[in-house]
>>> print(open('structure-v2.tsv').read())   # TSV, C-alpha atoms and all ligand atoms
chain	number	residue	atom	x	y	z
A	1	MET	CA	-42.81	59.35	-2.81
A	2	LYS	CA	-46.09	60.01	-4.58
A	3	SER	CA	-49.60	60.44	-3.24
A	4	PHE	CA	-51.82	57.38	-3.30
A	5	LEU	CA	-55.30	56.32	-2.34
A	6	PHE	CA	-55.22	54.14	0.76
A	7	VAL	CA	-58.33	52.07	1.38
A	8	THR	CA	-58.65	49.73	4.31
A	9	ASP	CA	-61.20	47.55	6.01
A	10	LEU	CA	-61.30	48.11	9.79
A	11	ASP	CA	-62.09	44.99	11.86
A	12	ASN	CA	-59.21	42.51	11.80
A	13	THR	CA	-57.49	44.48	9.04
A	14	LEU	CA	-56.56	47.97	10.25
A	15	VAL	CA	-57.61	47.20	13.82
A	16	GLY	CA	-56.30	44.28	15.83
A	17	GLU	CA	-52.59	44.91	16.54
A	18	SER	CA	-52.38	48.17	18.44
A	19	ARG	CA	-48.62	48.81	18.22
A	20	ALA	CA	-48.54	48.26	14.48
A	21	LEU	CA	-51.64	50.46	14.16
A	22	ALA	CA	-49.89	53.33	15.91
A	23	ALA	CA	-46.87	52.98	13.61
A	24	LEU	CA	-49.06	52.83	10.51
A	25	ASN	CA	-51.10	55.86	11.63
A	26	ASP	CA	-47.92	57.92	11.93
A	27	LYS	CA	-46.82	56.97	8.42
A	28	LEU	CA	-50.24	57.71	6.93
A	29	VAL	CA	-50.68	61.07	8.64
A	30	GLN	CA	-47.25	62.12	7.46
A	31	HIS	CA	-47.92	60.91	3.91
A	32	ARG	CA	-51.21	62.78	3.79
A	33	GLU	CA	-49.53	65.97	4.98
A	34	GLU	CA	-46.57	65.74	2.64
A	35	HIS	CA	-48.08	64.24	-0.49
A	36	GLY	CA	-51.85	64.62	-0.25
A	37	THR	CA	-52.45	60.88	0.12
A	38	LYS	CA	-56.13	60.06	0.68
A	39	ILE	CA	-57.24	57.76	3.50
A	40	VAL	CA	-60.47	55.80	3.22
A	41	TYR	CA	-62.04	53.31	5.63
A	42	ALA	CA	-64.22	50.68	3.98
A	43	THR	CA	-66.16	48.86	6.67
A	44	GLY	CA	-69.17	46.63	7.10
A	45	ARG	CA	-70.14	48.63	10.16
A	46	SER	CA	-72.97	51.12	10.23
A	47	PRO	CA	-72.05	54.71	11.20
A	48	LEU	CA	-73.21	53.89	14.75
A	49	LEU	CA	-70.87	50.91	15.15
A	50	PHE	CA	-68.11	52.87	13.44
A	51	ALA	CA	-68.49	55.61	16.09
A	52	GLU	CA	-68.17	52.92	18.79
A	53	LEU	CA	-64.92	51.70	17.26
A	54	GLN	CA	-63.66	55.28	17.04
A	55	ASN	CA	-64.20	55.60	20.79
A	56	GLU	CA	-62.32	52.39	21.53
A	57	GLN	CA	-59.39	52.71	19.13
A	58	GLN	CA	-56.88	55.26	17.96
A	59	LEU	CA	-58.19	55.91	14.46
A	60	ILE	CA	-57.14	58.88	12.35
A	61	GLU	CA	-59.91	60.87	10.65
A	62	PRO	CA	-60.38	59.45	7.13
A	63	ASP	CA	-60.98	61.58	4.03
A	64	ALA	CA	-63.97	59.36	3.39
A	65	LEU	CA	-65.76	56.64	5.29
A	66	VAL	CA	-67.32	53.87	3.21
A	67	ALA	CA	-69.77	52.29	5.66
A	68	SER	CA	-72.36	49.52	5.67
A	69	VAL	CA	-70.45	47.28	3.23
A	70	GLY	CA	-70.05	50.01	0.63
A	71	THR	CA	-73.64	51.28	0.62
A	72	GLU	CA	-72.92	54.61	2.35
A	73	ILE	CA	-70.14	57.16	1.78
A	74	TYR	CA	-69.38	60.02	4.20
A	75	PHE	CA	-66.80	62.68	3.35
A	76	ASN	CA	-64.59	64.50	5.87
A	77	GLY	CA	-66.40	63.33	9.00
A	78	SER	CA	-69.82	64.50	7.77
A	79	ASP	CA	-72.83	62.65	9.16
A	80	THR	CA	-74.81	63.02	5.93
A	81	ALA	CA	-74.35	60.21	3.42
A	82	ASP	CA	-73.27	61.21	-0.08
A	83	LYS	CA	-76.35	61.53	-2.23
A	84	GLY	CA	-74.54	60.94	-5.52
A	85	TRP	CA	-73.60	57.44	-4.42
A	86	TRP	CA	-77.09	56.63	-3.16
A	87	ASP	CA	-78.53	57.70	-6.51
A	88	LYS	CA	-76.48	54.94	-8.11
A	89	LEU	CA	-77.78	52.32	-5.69
A	90	THR	CA	-81.46	53.15	-6.00
A	91	PRO	CA	-82.40	51.57	-9.39
A	92	GLY	CA	-83.90	48.14	-8.79
A	93	TRP	CA	-83.55	48.24	-4.99
A	94	ASP	CA	-86.74	47.31	-3.12
A	95	ARG	CA	-85.98	46.92	0.57
A	96	GLU	CA	-89.49	45.95	1.69
A	97	ALA	CA	-89.79	43.26	-0.98
A	98	ILE	CA	-86.42	41.82	0.02
A	99	ILE	CA	-87.43	41.61	3.67
A	100	ALA	CA	-90.69	39.92	2.68
A	101	ALA	CA	-88.80	37.41	0.51
A	102	THR	CA	-86.40	36.52	3.31
A	103	ALA	CA	-89.23	35.85	5.79
A	104	HIS	CA	-89.62	32.35	4.32
A	105	PHE	CA	-86.16	31.33	5.47
A	106	ALA	CA	-86.24	30.27	9.11
A	107	ASP	CA	-82.45	29.99	9.39
A	108	LEU	CA	-81.94	33.70	8.73
A	109	VAL	CA	-81.64	35.67	11.97
A	110	MET	CA	-81.94	39.44	11.66
A	111	GLN	CA	-78.91	41.41	12.80
A	112	PRO	CA	-79.53	44.33	15.23
A	113	ASP	CA	-81.60	47.29	14.01
A	114	SER	CA	-78.52	49.53	13.81
A	115	GLU	CA	-77.15	47.28	11.03
A	116	GLN	CA	-80.33	47.40	8.91
A	117	ARG	CA	-79.60	50.28	6.58
A	118	PRO	CA	-81.34	52.06	3.69
A	119	TYR	CA	-79.36	49.98	1.16
A	120	LYS	CA	-78.38	46.95	3.24
A	121	VAL	CA	-80.36	44.18	4.90
A	122	SER	CA	-78.26	41.93	7.17
A	123	PHE	CA	-78.69	38.58	8.85
A	124	LEU	CA	-76.77	36.04	10.85
A	125	LEU	CA	-76.54	32.64	9.22
A	126	THR	CA	-74.49	29.69	10.41
A	127	GLU	CA	-72.00	28.13	8.02
A	128	ASP	CA	-73.87	24.81	8.12
A	129	SER	CA	-77.15	26.41	7.09
A	130	ALA	CA	-75.46	28.70	4.57
A	131	ARG	CA	-74.59	25.86	2.20
A	132	GLU	CA	-78.23	25.09	1.65
A	133	VAL	CA	-79.87	28.44	2.27
A	134	LEU	CA	-77.70	30.74	0.14
A	135	PRO	CA	-78.43	29.11	-3.25
A	136	GLN	CA	-82.15	28.89	-2.42
A	137	LEU	CA	-82.32	32.50	-1.27
A	138	LYS	CA	-80.49	33.68	-4.36
A	139	LYS	CA	-82.91	31.82	-6.58
A	140	SER	CA	-85.93	33.09	-4.72
A	141	LEU	CA	-84.80	36.73	-4.95
A	142	GLN	CA	-84.07	36.30	-8.66
A	143	GLN	CA	-87.44	34.73	-9.35
A	144	GLN	CA	-89.10	37.74	-7.75
A	145	GLY	CA	-87.06	40.05	-9.95
A	146	LEU	CA	-85.13	41.48	-7.01
A	147	ASP	CA	-81.76	42.64	-8.29
A	148	THR	CA	-79.48	42.06	-5.31
A	149	LYS	CA	-76.04	40.93	-4.29
A	150	LEU	CA	-75.45	38.47	-1.45
A	151	ILE	CA	-72.23	38.75	0.54
A	152	TYR	CA	-71.35	36.13	3.13
A	153	SER	CA	-68.49	36.86	5.53
A	154	ALA	CA	-66.60	35.14	8.33
A	155	GLY	CA	-68.93	32.14	8.40
A	156	ILE	CA	-71.74	34.15	10.01
A	157	ASP	CA	-72.72	37.49	8.42
A	158	LEU	CA	-75.02	37.67	5.42
A	159	ASP	CA	-75.53	41.05	3.74
A	160	ILE	CA	-78.06	41.68	1.01
A	161	LEU	CA	-77.03	44.72	-1.02
A	162	PRO	CA	-78.11	46.45	-4.23
A	163	ARG	CA	-76.55	44.93	-7.35
A	164	HIS	CA	-74.42	48.07	-7.82
A	165	GLY	CA	-73.33	48.47	-4.22
A	166	ASP	CA	-70.33	46.99	-2.46
A	167	LYS	CA	-67.01	48.20	-1.06
A	168	GLY	CA	-65.18	47.75	-4.35
A	169	LEU	CA	-67.71	49.71	-6.40
A	170	ALA	CA	-67.73	52.49	-3.78
A	171	VAL	CA	-63.95	52.75	-4.23
A	172	GLN	CA	-64.37	53.02	-8.03
A	173	TYR	CA	-66.76	55.93	-7.39
A	174	LEU	CA	-64.16	57.65	-5.16
A	175	ARG	CA	-61.37	57.01	-7.66
A	176	SER	CA	-63.28	58.68	-10.43
A	177	LEU	CA	-64.33	61.58	-8.18
A	178	TRP	CA	-60.74	62.19	-7.08
A	179	ASP	CA	-59.22	61.14	-10.41
A	180	ILE	CA	-56.82	58.55	-8.97
A	181	GLU	CA	-55.44	55.67	-11.05
A	182	ALA	CA	-56.00	52.06	-10.00
A	183	THR	CA	-52.23	51.60	-9.90
A	184	GLN	CA	-51.97	54.42	-7.32
A	185	THR	CA	-54.65	52.79	-5.18
A	186	VAL	CA	-54.09	50.18	-2.50
A	187	VAL	CA	-56.87	48.22	-0.83
A	188	CYS	CA	-56.53	46.10	2.33
A	189	GLY	CA	-58.80	43.44	3.76
A	190	ASP	CA	-59.28	40.19	5.64
A	191	SER	CA	-62.70	38.70	4.87
A	192	GLY	CA	-65.54	38.03	2.45
A	193	ASN	CA	-66.96	41.53	2.31
A	194	ASP	CA	-63.51	42.73	1.17
A	195	ILE	CA	-63.35	40.50	-1.93
A	196	SER	CA	-65.01	43.23	-4.01
A	197	LEU	CA	-62.13	45.57	-3.10
A	198	PHE	CA	-59.71	43.15	-4.77
A	199	SER	CA	-61.80	42.21	-7.79
A	200	GLN	CA	-62.34	45.52	-9.63
A	201	THR	CA	-59.41	46.56	-11.81
A	202	GLU	CA	-55.70	46.68	-11.02
A	203	GLU	CA	-55.79	48.24	-7.58
A	204	ARG	CA	-52.88	47.03	-5.48
A	205	GLY	CA	-54.18	44.68	-2.81
A	206	ILE	CA	-52.91	43.70	0.62
A	207	ILE	CA	-54.39	40.60	2.22
A	208	VAL	CA	-53.40	40.60	5.88
A	209	GLY	CA	-51.72	37.50	7.33
A	210	ASN	CA	-54.76	36.73	9.51
A	211	ALA	CA	-57.22	36.73	6.59
A	212	LYS	CA	-60.31	34.50	6.76
A	213	SER	CA	-60.62	31.36	4.68
A	214	GLU	CA	-63.13	32.78	2.18
A	215	LEU	CA	-60.73	35.55	1.14
A	216	LEU	CA	-57.73	33.20	1.03
A	217	GLN	CA	-59.71	30.78	-1.11
A	218	TRP	CA	-60.72	33.60	-3.47
A	219	HIS	CA	-57.09	34.71	-3.66
A	220	ASN	CA	-55.95	31.17	-4.53
A	221	GLU	CA	-58.54	30.93	-7.28
A	222	ASN	CA	-57.81	34.42	-8.63
A	223	PRO	CA	-54.08	34.95	-8.31
A	224	ALA	CA	-52.67	38.32	-9.43
A	225	ASP	CA	-49.18	39.74	-9.05
A	226	TYR	CA	-50.66	43.04	-7.82
A	227	HIS	CA	-52.13	41.27	-4.77
A	228	TYR	CA	-49.85	40.73	-1.82
A	229	LEU	CA	-50.46	38.17	0.89
A	230	ALA	CA	-48.75	39.53	4.01
A	231	GLN	CA	-47.14	37.47	6.74
A	232	ALA	CA	-47.89	39.89	9.56
A	233	PHE	CA	-51.33	40.36	11.03
A	234	CYS	CA	-53.60	43.41	10.73
A	235	ALA	CA	-51.80	46.81	10.58
A	236	GLY	CA	-48.48	44.93	10.64
A	237	GLY	CA	-49.48	43.22	7.40
A	238	ILE	CA	-50.55	46.54	5.90
A	239	LEU	CA	-47.16	48.12	6.67
A	240	GLU	CA	-45.48	45.09	5.12
A	241	GLY	CA	-47.59	45.40	1.97
A	242	LEU	CA	-47.16	49.18	1.62
A	243	ASN	CA	-43.41	48.62	1.69
A	244	HIS	CA	-43.69	45.77	-0.77
A	245	PHE	CA	-45.48	48.00	-3.30
A	246	GLY	CA	-43.16	50.95	-2.61
A	247	PHE	CA	-45.94	53.27	-1.42
A	248	ILE	CA	-43.99	53.99	1.76
A	249	GLU	CA	-40.41	53.41	2.81
B	301	LIG	C1	-70.16	44.36	10.06
B	301	LIG	C2	-71.59	44.86	10.04
B	301	LIG	C3	-72.55	43.73	9.73
B	301	LIG	C4	-72.12	42.99	8.47
B	301	LIG	C5	-70.68	42.51	8.63
B	301	LIG	C6	-70.16	41.79	7.39
B	301	LIG	O1	-69.95	43.53	11.15
B	301	LIG	O2	-71.91	45.45	11.30
B	301	LIG	O3	-73.86	44.24	9.53
B	301	LIG	O4	-72.96	41.90	8.22
B	301	LIG	O5	-69.86	43.65	8.87
B	301	LIG	O6	-70.23	42.56	6.23
B	302	MG	MG	-62.65	42.76	8.44
>>> encode(input="structure-v2.tsv", output="C-alpha cells")
Amino acid sequence: MKSFLFVTDLDNTLVGESRALAALNDKLVQHREEHGTKIVYATGRSPLLFAELQNEQQLIEPDALVASVGTEIYFNGSDTADKGWWDKLTPGWDREAIIAATAHFADLVMQPDSEQRPYKVSFLLTEDSAREVLPQLKKSLQQQGLDTKLIYSAGIDLDILPRHGDKGLAVQYLRSLWDIEATQTVVCGDSGNDISLFSQTEERGIIVGNAKSELLQWHNENPADYHYLAQAFCAGGILEGLNHFGFIE
C-alpha cells in the first residue's frame, strides 16, 4: 500500500451514513499513520458551519480543510486561512461590485452572513428561477468586467467565486505544495460544487451512489475510466471506490 491524497466533500458524501463513516475513519487513520496518506476535506461550508458539523459528527482531523467552496484553505486545524492561496484568488476579484451587480436580481436571496466570505458571495435561488436568472446574471457580470465563476448546487445554492477559485483548483494547489501525483489522488463528491474536483486532470474520482442529478449529468456527459460511480451511499460509496482503485484493501 502506498500513500495517497484523499480529498472528500462532507455533506452527503463523507457524512450521511454513520456506520460506514466510522469504518472509513478507521481505515484512513491507519493509512495516515502507516503510509503518510493526506486527508483533506473540501466543503462548501464556512469555517463556522464546519465547526458545527465537527460537533455533531465523528470527523477525524484533516491535514487541510478546503472551506467555502475552495476559496479558503486551513492547514492542520489552524484558524488562519492560507495566505498563499488567497493571493491567487485576489486578481480581478471585486466583492463590492459583485454584490452591487446582483442587487438587480430579485430572485436572488442572500444566504446567512456566516456564508458570505472574503472570496465567496452566496445566494439561494430556486431551480425554476435559475433557468432564467443564471444566464442573465452571468452576462451582466461579464459586461461589467467582473471575472467570476458561478456554481449552482443541489437545485438551491448559488455561489459566486473568483475565476481561479473552486474546490478542484484548491486541490491542484495542495498537490503541487505536497508534490503528489494526480494518479495518487482521489476525490469524492455528490453535487454541483464537487464537479471541479473531477474536472482537473486525472485524479481518481468517486461519485457516491446518492449523488445529485447535476453531478450525474456531468458524469454522463464527461465519462472517464478514472471516475467511479459507487452503488453505496456516502462513506459506504467512498469505501467501495477506494477498494475499486486499490488505494485500500
Ligand atoms: C454549503 C455552504 C453554502 C454553499 C453550498 C453550496 O452549504 O454553506 O454557502 O452555497 O455549500 O456550495
Ligand atoms: Mg455535498
>>> axis_aligned_box(input="structure-v2.tsv", around="segment 59-71 of chain A", padding_each_side="6 Å", output="JSON")
{"center_x": -65.4, "center_y": 54.4, "center_z": 7.5, "size_x": 28.5, "size_y": 26.3, "size_z": 25.8}
>>> residues_near_ligand(input="structure-v2.tsv", ligand="ligand LIG 301 (chain B)", cutoff="6 Å", atoms="all atoms listed in the file", output="PyMOL selection string")
chain A and resi 44-46+69+115+122+153+157-159+193
>>> closest_atom_pairs(input="structure-v2.tsv", of="chain A", to="ligand MG 302 (chain B)", cutoff="6 Å", atoms="all atoms listed in the file", output="Markdown table")
| residue | atom | partner | partner_atom | distance |
| --- | --- | --- | --- | --- |
| A:Asp9 | CA | B:MG302 | MG | 5.6 |
| A:Leu10 | CA | B:MG302 | MG | 5.7 |
| A:Asp11 | CA | B:MG302 | MG | 4.1 |
| A:Asn12 | CA | B:MG302 | MG | 4.8 |
| A:Thr13 | CA | B:MG302 | MG | 5.5 |
| A:Asp190 | CA | B:MG302 | MG | 5.1 |
| A:Ser191 | CA | B:MG302 | MG | 5.4 |
>>> closest_residue(input="structure-v2.tsv", among="A:Gly36, A:Gly241, A:Gly92, A:Pro223", to="Gly209 of chain A", atoms="all atoms listed in the file")
A:Gly241
>>> residues_around(input="structure-v2.tsv", residues="segment 219-221 of chain A", least_positions_apart="6", cutoff="9 Å", atoms="only C-alpha atoms", output="PyMOL selection string")
chain A and resi 195+198+207+227+229
>>> write_last_selection(input="structure-v2.tsv", atoms="C-alpha atoms", output="PDB file, keeping the file's coordinate frame")
ATOM      1  CA  ILE A 195     -63.350  40.500  -1.930  1.00  0.00           C
ATOM      2  CA  PHE A 198     -59.710  43.150  -4.770  1.00  0.00           C
ATOM      3  CA  ILE A 207     -54.390  40.600   2.220  1.00  0.00           C
ATOM      4  CA  HIS A 227     -52.130  41.270  -4.770  1.00  0.00           C
ATOM      5  CA  LEU A 229     -50.460  38.170   0.890  1.00  0.00           C
TER       6      LEU A 229
END
>>> residues_around(input="structure-v2.tsv", residues="His35 of chain A", least_positions_apart="3", cutoff="8 Å", atoms="all atoms listed in the file", output="compact mmCIF listing (two decimals) with C-alpha atoms, keeping the file's coordinate frame")
# COMPACT_ATOMS: atom_id res chain seq x y z
CA MET A 1 -42.81 59.35 -2.81
CA LYS A 2 -46.09 60.01 -4.58
CA SER A 3 -49.60 60.44 -3.24
CA HIS A 31 -47.92 60.91 3.91
CA ARG A 32 -51.21 62.78 3.79
>>> residues_around(input="structure-v2.tsv", residues="His104 of chain A", least_positions_apart="3", cutoff="12 Å", atoms="only C-alpha atoms", output="list in words")
Ile98, Ile99, Ala100, Ala101, Asp107, Leu108, Val109, Val133, Gln136, Leu137, Ser140 and Leu141 of chain A
>>> closest_residue(input="structure-v2.tsv", among="A:Ile248, A:Ile151, A:Ile73, A:Val208", to="Phe233 of chain A", atoms="all atoms listed in the file")
A:Val208
>>> residues_around(input="structure-v2.tsv", residues="Trp86 of chain A", least_positions_apart="6", cutoff="9 Å", atoms="only C-alpha atoms", output="VMD selection string")
chain A and resid 71 to 73 119
